[in-house]
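Below: model.cif (mmCIF, N, CA and C atoms)
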```cif
data_query
#
loop_
_atom_site.label_atom_id
_atom_site.label_comp_id
_atom_site.auth_asym_id
_atom_site.auth_seq_id
_atom_site.Cartn_x
_atom_site.Cartn_y
_atom_site.Cartn_z
N MET A 28 109.86 139.99 136.34
CA MET A 28 109.68 139.36 135.04
C MET A 28 109.25 140.42 134.04
N GLN A 29 109.90 140.46 132.91
CA GLN A 29 109.61 141.45 131.89
C GLN A 29 108.75 140.84 130.79
N THR A 30 107.69 141.55 130.38
CA THR A 30 106.83 141.03 129.31
C THR A 30 107.29 141.59 127.98
N ASN A 31 107.04 140.86 126.93
CA ASN A 31 107.40 141.30 125.59
C ASN A 31 106.25 142.15 125.07
N THR A 32 106.47 143.47 124.96
CA THR A 32 105.38 144.38 124.56
C THR A 32 104.98 144.18 123.11
N ALA A 33 105.80 143.51 122.31
CA ALA A 33 105.45 143.29 120.90
C ALA A 33 104.36 142.24 120.75
N THR A 34 104.18 141.38 121.76
CA THR A 34 103.20 140.31 121.64
C THR A 34 102.11 140.35 122.71
N THR A 35 102.07 141.40 123.52
CA THR A 35 101.03 141.48 124.55
C THR A 35 99.80 142.20 124.01
N VAL A 36 98.65 141.82 124.56
CA VAL A 36 97.39 142.45 124.16
C VAL A 36 96.84 143.19 125.37
N GLU A 37 96.88 144.52 125.31
CA GLU A 37 96.35 145.34 126.39
C GLU A 37 95.12 146.13 125.96
N GLU A 38 95.01 146.39 124.66
CA GLU A 38 93.87 147.11 124.10
C GLU A 38 93.34 146.33 122.92
N PRO A 39 92.07 146.55 122.54
CA PRO A 39 91.50 145.79 121.42
C PRO A 39 92.30 145.88 120.13
N LEU A 40 92.83 147.05 119.80
CA LEU A 40 93.57 147.18 118.55
C LEU A 40 94.92 146.45 118.58
N ASP A 41 95.38 146.08 119.78
CA ASP A 41 96.62 145.30 119.87
C ASP A 41 96.46 143.95 119.19
N LEU A 42 95.27 143.38 119.29
CA LEU A 42 95.00 142.10 118.64
C LEU A 42 95.08 142.23 117.13
N VAL A 43 94.60 143.34 116.60
CA VAL A 43 94.69 143.59 115.16
C VAL A 43 96.15 143.82 114.79
N ARG A 44 96.89 144.59 115.61
CA ARG A 44 98.31 144.85 115.34
C ARG A 44 99.10 143.55 115.24
N LEU A 45 98.79 142.59 116.09
CA LEU A 45 99.50 141.30 116.07
C LEU A 45 99.18 140.50 114.81
N SER A 46 98.16 140.90 114.07
CA SER A 46 97.76 140.19 112.85
C SER A 46 98.33 140.80 111.58
N LEU A 47 99.16 141.83 111.70
CA LEU A 47 99.77 142.44 110.52
C LEU A 47 100.55 141.40 109.72
N ASP A 48 100.43 141.46 108.42
CA ASP A 48 101.08 140.53 107.49
C ASP A 48 100.58 139.09 107.62
N GLU A 49 99.40 138.92 108.22
CA GLU A 49 98.77 137.60 108.30
C GLU A 49 97.37 137.68 107.71
N ARG A 50 96.82 136.50 107.36
CA ARG A 50 95.46 136.46 106.80
C ARG A 50 94.45 136.58 107.93
N ILE A 51 93.47 137.47 107.72
CA ILE A 51 92.42 137.69 108.71
C ILE A 51 91.06 137.54 108.03
N TYR A 52 90.04 137.45 108.87
CA TYR A 52 88.65 137.40 108.40
C TYR A 52 87.99 138.69 108.85
N VAL A 53 87.28 139.36 107.92
CA VAL A 53 86.57 140.61 108.22
C VAL A 53 85.13 140.45 107.77
N LYS A 54 84.18 140.71 108.69
CA LYS A 54 82.76 140.71 108.35
C LYS A 54 82.33 142.17 108.25
N LEU A 55 81.63 142.49 107.15
CA LEU A 55 81.23 143.86 106.86
C LEU A 55 79.71 143.99 106.80
N ARG A 56 79.25 145.22 106.91
CA ARG A 56 77.82 145.49 106.69
C ARG A 56 77.46 145.10 105.27
N GLY A 57 76.20 144.83 105.05
CA GLY A 57 75.74 144.49 103.70
C GLY A 57 76.04 143.05 103.33
N ASP A 58 76.15 142.17 104.33
CA ASP A 58 76.37 140.72 104.10
C ASP A 58 77.61 140.45 103.26
N ARG A 59 78.70 141.16 103.57
CA ARG A 59 79.98 140.95 102.87
C ARG A 59 80.99 140.37 103.85
N GLU A 60 81.81 139.45 103.35
CA GLU A 60 82.86 138.84 104.15
C GLU A 60 84.15 138.87 103.36
N LEU A 61 85.25 139.12 104.06
CA LEU A 61 86.56 139.19 103.42
C LEU A 61 87.54 138.28 104.14
N HIS A 62 88.38 137.62 103.37
CA HIS A 62 89.56 136.91 103.89
C HIS A 62 90.73 137.50 103.13
N GLY A 63 91.71 138.03 103.86
CA GLY A 63 92.84 138.63 103.17
C GLY A 63 94.00 138.88 104.11
N LYS A 64 95.12 139.26 103.53
CA LYS A 64 96.34 139.54 104.28
C LYS A 64 96.31 141.01 104.71
N LEU A 65 96.42 141.24 106.01
CA LEU A 65 96.36 142.60 106.57
C LEU A 65 97.70 143.30 106.36
N HIS A 66 97.67 144.38 105.58
CA HIS A 66 98.90 145.15 105.33
C HIS A 66 98.98 146.38 106.24
N ALA A 67 97.86 147.03 106.52
CA ALA A 67 97.86 148.24 107.35
C ALA A 67 96.47 148.48 107.92
N PHE A 68 96.41 149.24 109.03
CA PHE A 68 95.14 149.61 109.64
C PHE A 68 95.36 150.88 110.47
N ASP A 69 94.25 151.52 110.85
CA ASP A 69 94.36 152.67 111.75
C ASP A 69 93.33 152.53 112.87
N GLN A 70 93.24 153.55 113.73
CA GLN A 70 92.37 153.48 114.90
C GLN A 70 90.89 153.43 114.55
N HIS A 71 90.53 153.75 113.29
CA HIS A 71 89.14 153.69 112.85
C HIS A 71 88.80 152.35 112.21
N LEU A 72 89.76 151.44 112.19
CA LEU A 72 89.69 150.14 111.53
C LEU A 72 89.59 150.25 110.01
N ASN A 73 90.05 151.39 109.46
CA ASN A 73 90.31 151.42 108.02
C ASN A 73 91.44 150.43 107.80
N MET A 74 91.35 149.62 106.76
CA MET A 74 92.35 148.58 106.55
C MET A 74 92.74 148.49 105.09
N VAL A 75 93.97 148.07 104.86
CA VAL A 75 94.43 147.71 103.53
C VAL A 75 94.69 146.22 103.57
N LEU A 76 93.97 145.48 102.72
CA LEU A 76 94.11 144.02 102.65
C LEU A 76 94.64 143.63 101.28
N GLY A 77 95.44 142.60 101.24
CA GLY A 77 95.94 142.06 99.99
C GLY A 77 95.47 140.64 99.81
N GLU A 78 95.51 140.16 98.56
CA GLU A 78 95.11 138.78 98.24
C GLU A 78 93.74 138.46 98.84
N VAL A 79 92.77 139.31 98.54
CA VAL A 79 91.46 139.25 99.19
C VAL A 79 90.50 138.32 98.45
N GLU A 80 89.81 137.50 99.22
CA GLU A 80 88.70 136.70 98.74
C GLU A 80 87.44 137.30 99.37
N GLU A 81 86.56 137.85 98.53
CA GLU A 81 85.35 138.49 99.02
C GLU A 81 84.15 137.61 98.72
N THR A 82 83.26 137.49 99.70
CA THR A 82 82.01 136.76 99.52
C THR A 82 80.86 137.71 99.84
N ILE A 83 79.95 137.86 98.88
CA ILE A 83 78.77 138.70 99.06
C ILE A 83 77.55 137.79 99.05
N SER A 84 76.74 137.90 100.09
CA SER A 84 75.51 137.10 100.17
C SER A 84 74.35 137.96 99.69
N GLU A 85 73.69 137.50 98.62
CA GLU A 85 72.54 138.23 98.07
C GLU A 85 71.28 137.45 98.40
N VAL A 86 70.36 138.10 99.10
CA VAL A 86 69.12 137.46 99.53
C VAL A 86 68.02 137.78 98.52
N ASP A 87 67.39 136.73 97.99
CA ASP A 87 66.24 136.90 97.11
C ASP A 87 65.00 136.55 97.92
N GLU A 88 64.32 137.58 98.40
CA GLU A 88 63.18 137.36 99.28
C GLU A 88 62.00 136.72 98.56
N ASN A 89 61.87 136.94 97.25
CA ASN A 89 60.79 136.33 96.49
C ASN A 89 60.98 134.83 96.37
N ALA A 90 62.21 134.41 96.15
CA ALA A 90 62.49 132.98 95.99
C ALA A 90 62.90 132.34 97.32
N HIS A 91 63.00 133.14 98.39
CA HIS A 91 63.41 132.65 99.70
C HIS A 91 64.74 131.90 99.62
N SER A 92 65.71 132.52 98.96
CA SER A 92 67.01 131.88 98.81
C SER A 92 68.13 132.89 98.99
N VAL A 93 69.32 132.35 99.24
CA VAL A 93 70.52 133.18 99.38
C VAL A 93 71.52 132.71 98.34
N ARG A 94 72.03 133.67 97.58
CA ARG A 94 73.04 133.36 96.57
C ARG A 94 74.34 134.00 97.00
N LYS A 95 75.43 133.23 96.98
CA LYS A 95 76.74 133.74 97.36
C LYS A 95 77.55 134.03 96.11
N VAL A 96 78.10 135.24 96.05
CA VAL A 96 78.93 135.66 94.94
C VAL A 96 80.36 135.84 95.47
N ASN A 97 81.33 135.19 94.83
CA ASN A 97 82.72 135.29 95.25
C ASN A 97 83.54 136.02 94.21
N ARG A 98 84.53 136.77 94.69
CA ARG A 98 85.48 137.40 93.78
C ARG A 98 86.82 137.54 94.47
N SER A 99 87.87 137.60 93.68
CA SER A 99 89.23 137.80 94.20
C SER A 99 89.68 139.20 93.83
N VAL A 100 90.32 139.86 94.78
CA VAL A 100 90.82 141.22 94.58
C VAL A 100 92.27 141.26 95.05
N PRO A 101 93.20 141.75 94.22
CA PRO A 101 94.60 141.76 94.64
C PRO A 101 94.88 142.69 95.82
N MET A 102 94.25 143.87 95.86
CA MET A 102 94.46 144.83 96.94
C MET A 102 93.16 145.59 97.17
N LEU A 103 92.80 145.79 98.45
CA LEU A 103 91.51 146.40 98.77
C LEU A 103 91.65 147.33 99.97
N PHE A 104 91.07 148.52 99.87
CA PHE A 104 90.96 149.43 101.01
C PHE A 104 89.58 149.22 101.62
N VAL A 105 89.53 148.97 102.92
CA VAL A 105 88.26 148.76 103.62
C VAL A 105 88.04 149.93 104.56
N ARG A 106 86.92 150.60 104.40
CA ARG A 106 86.60 151.72 105.30
C ARG A 106 86.09 151.17 106.63
N GLY A 107 86.62 151.68 107.71
CA GLY A 107 86.36 151.14 109.04
C GLY A 107 84.93 151.21 109.50
N ASP A 108 84.14 152.17 109.03
CA ASP A 108 82.77 152.27 109.54
C ASP A 108 81.87 151.14 109.03
N GLY A 109 82.33 150.37 108.07
CA GLY A 109 81.57 149.23 107.58
C GLY A 109 81.95 147.91 108.24
N VAL A 110 82.97 147.95 109.10
CA VAL A 110 83.47 146.73 109.73
C VAL A 110 82.60 146.34 110.93
N ILE A 111 82.17 145.09 110.95
CA ILE A 111 81.41 144.54 112.07
C ILE A 111 82.31 143.71 112.97
N LEU A 112 83.19 142.91 112.35
CA LEU A 112 84.00 141.97 113.11
C LEU A 112 85.34 141.77 112.40
N VAL A 113 86.40 141.65 113.18
CA VAL A 113 87.72 141.30 112.66
C VAL A 113 88.20 140.10 113.46
N SER A 114 88.54 139.03 112.75
CA SER A 114 89.01 137.82 113.42
C SER A 114 90.45 137.54 113.00
N PRO A 115 91.36 137.55 113.97
CA PRO A 115 92.75 137.24 113.64
C PRO A 115 92.92 135.77 113.33
N PRO A 116 94.06 135.39 112.77
CA PRO A 116 94.29 133.97 112.50
C PRO A 116 94.36 133.20 113.82
N SER A 117 93.99 131.93 113.79
CA SER A 117 94.06 131.13 115.01
C SER A 117 95.52 130.88 115.35
N ARG A 118 95.82 130.95 116.61
CA ARG A 118 97.18 130.74 117.09
C ARG A 118 97.19 129.55 118.02
N SER A 119 98.19 128.68 117.85
CA SER A 119 98.32 127.54 118.75
C SER A 119 99.15 127.95 119.96
N ALA A 120 98.84 127.37 121.10
CA ALA A 120 99.52 127.74 122.34
C ALA A 120 100.92 127.19 122.44
#
```

In structure tokens, what does this structure look like?
Amino acid sequence: MQTNTATTVEEPLDLVRLSLDERIYVKLRGDRELHGKLHAFDQHLNMVLGEVEETISEVDENAHSVRKVNRSVPMLFVRGDGVILVSPPSRSA
């Protein structure tokens, strides 16, 4: 039986490769979250995302509250050393 190497996951970056041209979720250092379409990535998890929705959580320790700031960005380069988590789109079986 022959497996389709285009859709198999053998290494962690294979999961990211399968998410090319799809919307992904990226959690970054500094309480930042991104949802965007993955256009490119490399082995360091540097990424180019398009149609990005960014959410920044700002903590006000004096008021004991969290304020969320949202913005839309047409195209964004994400440096890999700030990436905590990458979540591919959910796939149905």

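Separating CA of Ser84 (chain A) from CA of Gly57 (chain A) is a distance of 8.2 Å.
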
Residue neighbourhood region 93-97 of chain A, 6 Å, only N, CA and C atoms, exclusion window fewer than 6 positions, as a PyMOL selection string: chain A and resi 81-87

Would you mind listing what lies within 6.5 Å of Leu112 (chain A) as a JSON list (two decimals) with N, CA and C atoms, in the frame of the given file, with only N, CA and C atoms counted and same-chain residues fewer than 6 positions away left out?
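File part_37.json, as written:
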```json
[["chain", "number", "residue", "atom", "x", "y", "z"],
["A", 52, "TYR", "N", 90.04, 137.45, 108.87],
["A", 52, "TYR", "CA", 88.65, 137.40, 108.40],
["A", 52, "TYR", "C", 87.99, 138.69, 108.85],
["A", 53, "VAL", "N", 87.28, 139.36, 107.92],
["A", 53, "VAL", "CA", 86.57, 140.61, 108.22],
["A", 53, "VAL", "C", 85.13, 140.45, 107.77],
["A", 54, "LYS", "N", 84.18, 140.71, 108.69],
["A", 54, "LYS", "CA", 82.76, 140.71, 108.35],
["A", 54, "LYS", "C", 82.33, 142.17, 108.25],
["A", 55, "LEU", "N", 81.63, 142.49, 107.15],
["A", 55, "LEU", "CA", 81.23, 143.86, 106.86],
["A", 55, "LEU", "C", 79.71, 143.99, 106.80]]
```

Best match for closeness to Asp108 (chain A) among A:Leu47, A:Leu72, A:Ala67, A:Val79, counting all atoms listed in the file: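 Distance minimum relative to Asp108 (chain A) lands on A:Leu72.
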
Coordinates-based distance that separates atom C of Ile51 (chain A) from atom N of Gly109 (chain A) (Å, one decimal): 15.5 Å

Atomic separation - atom N of Pro116 (chain A) relative to atom C of Val43 (chain A), Å: 8.9 Å

Selection result for the PyMOL selection byres ((chain A and resi 64) around 5) on this file, as a VMD selection string: chain A and resid 49 to 51 62 to 63 65 to 66 76 to 78
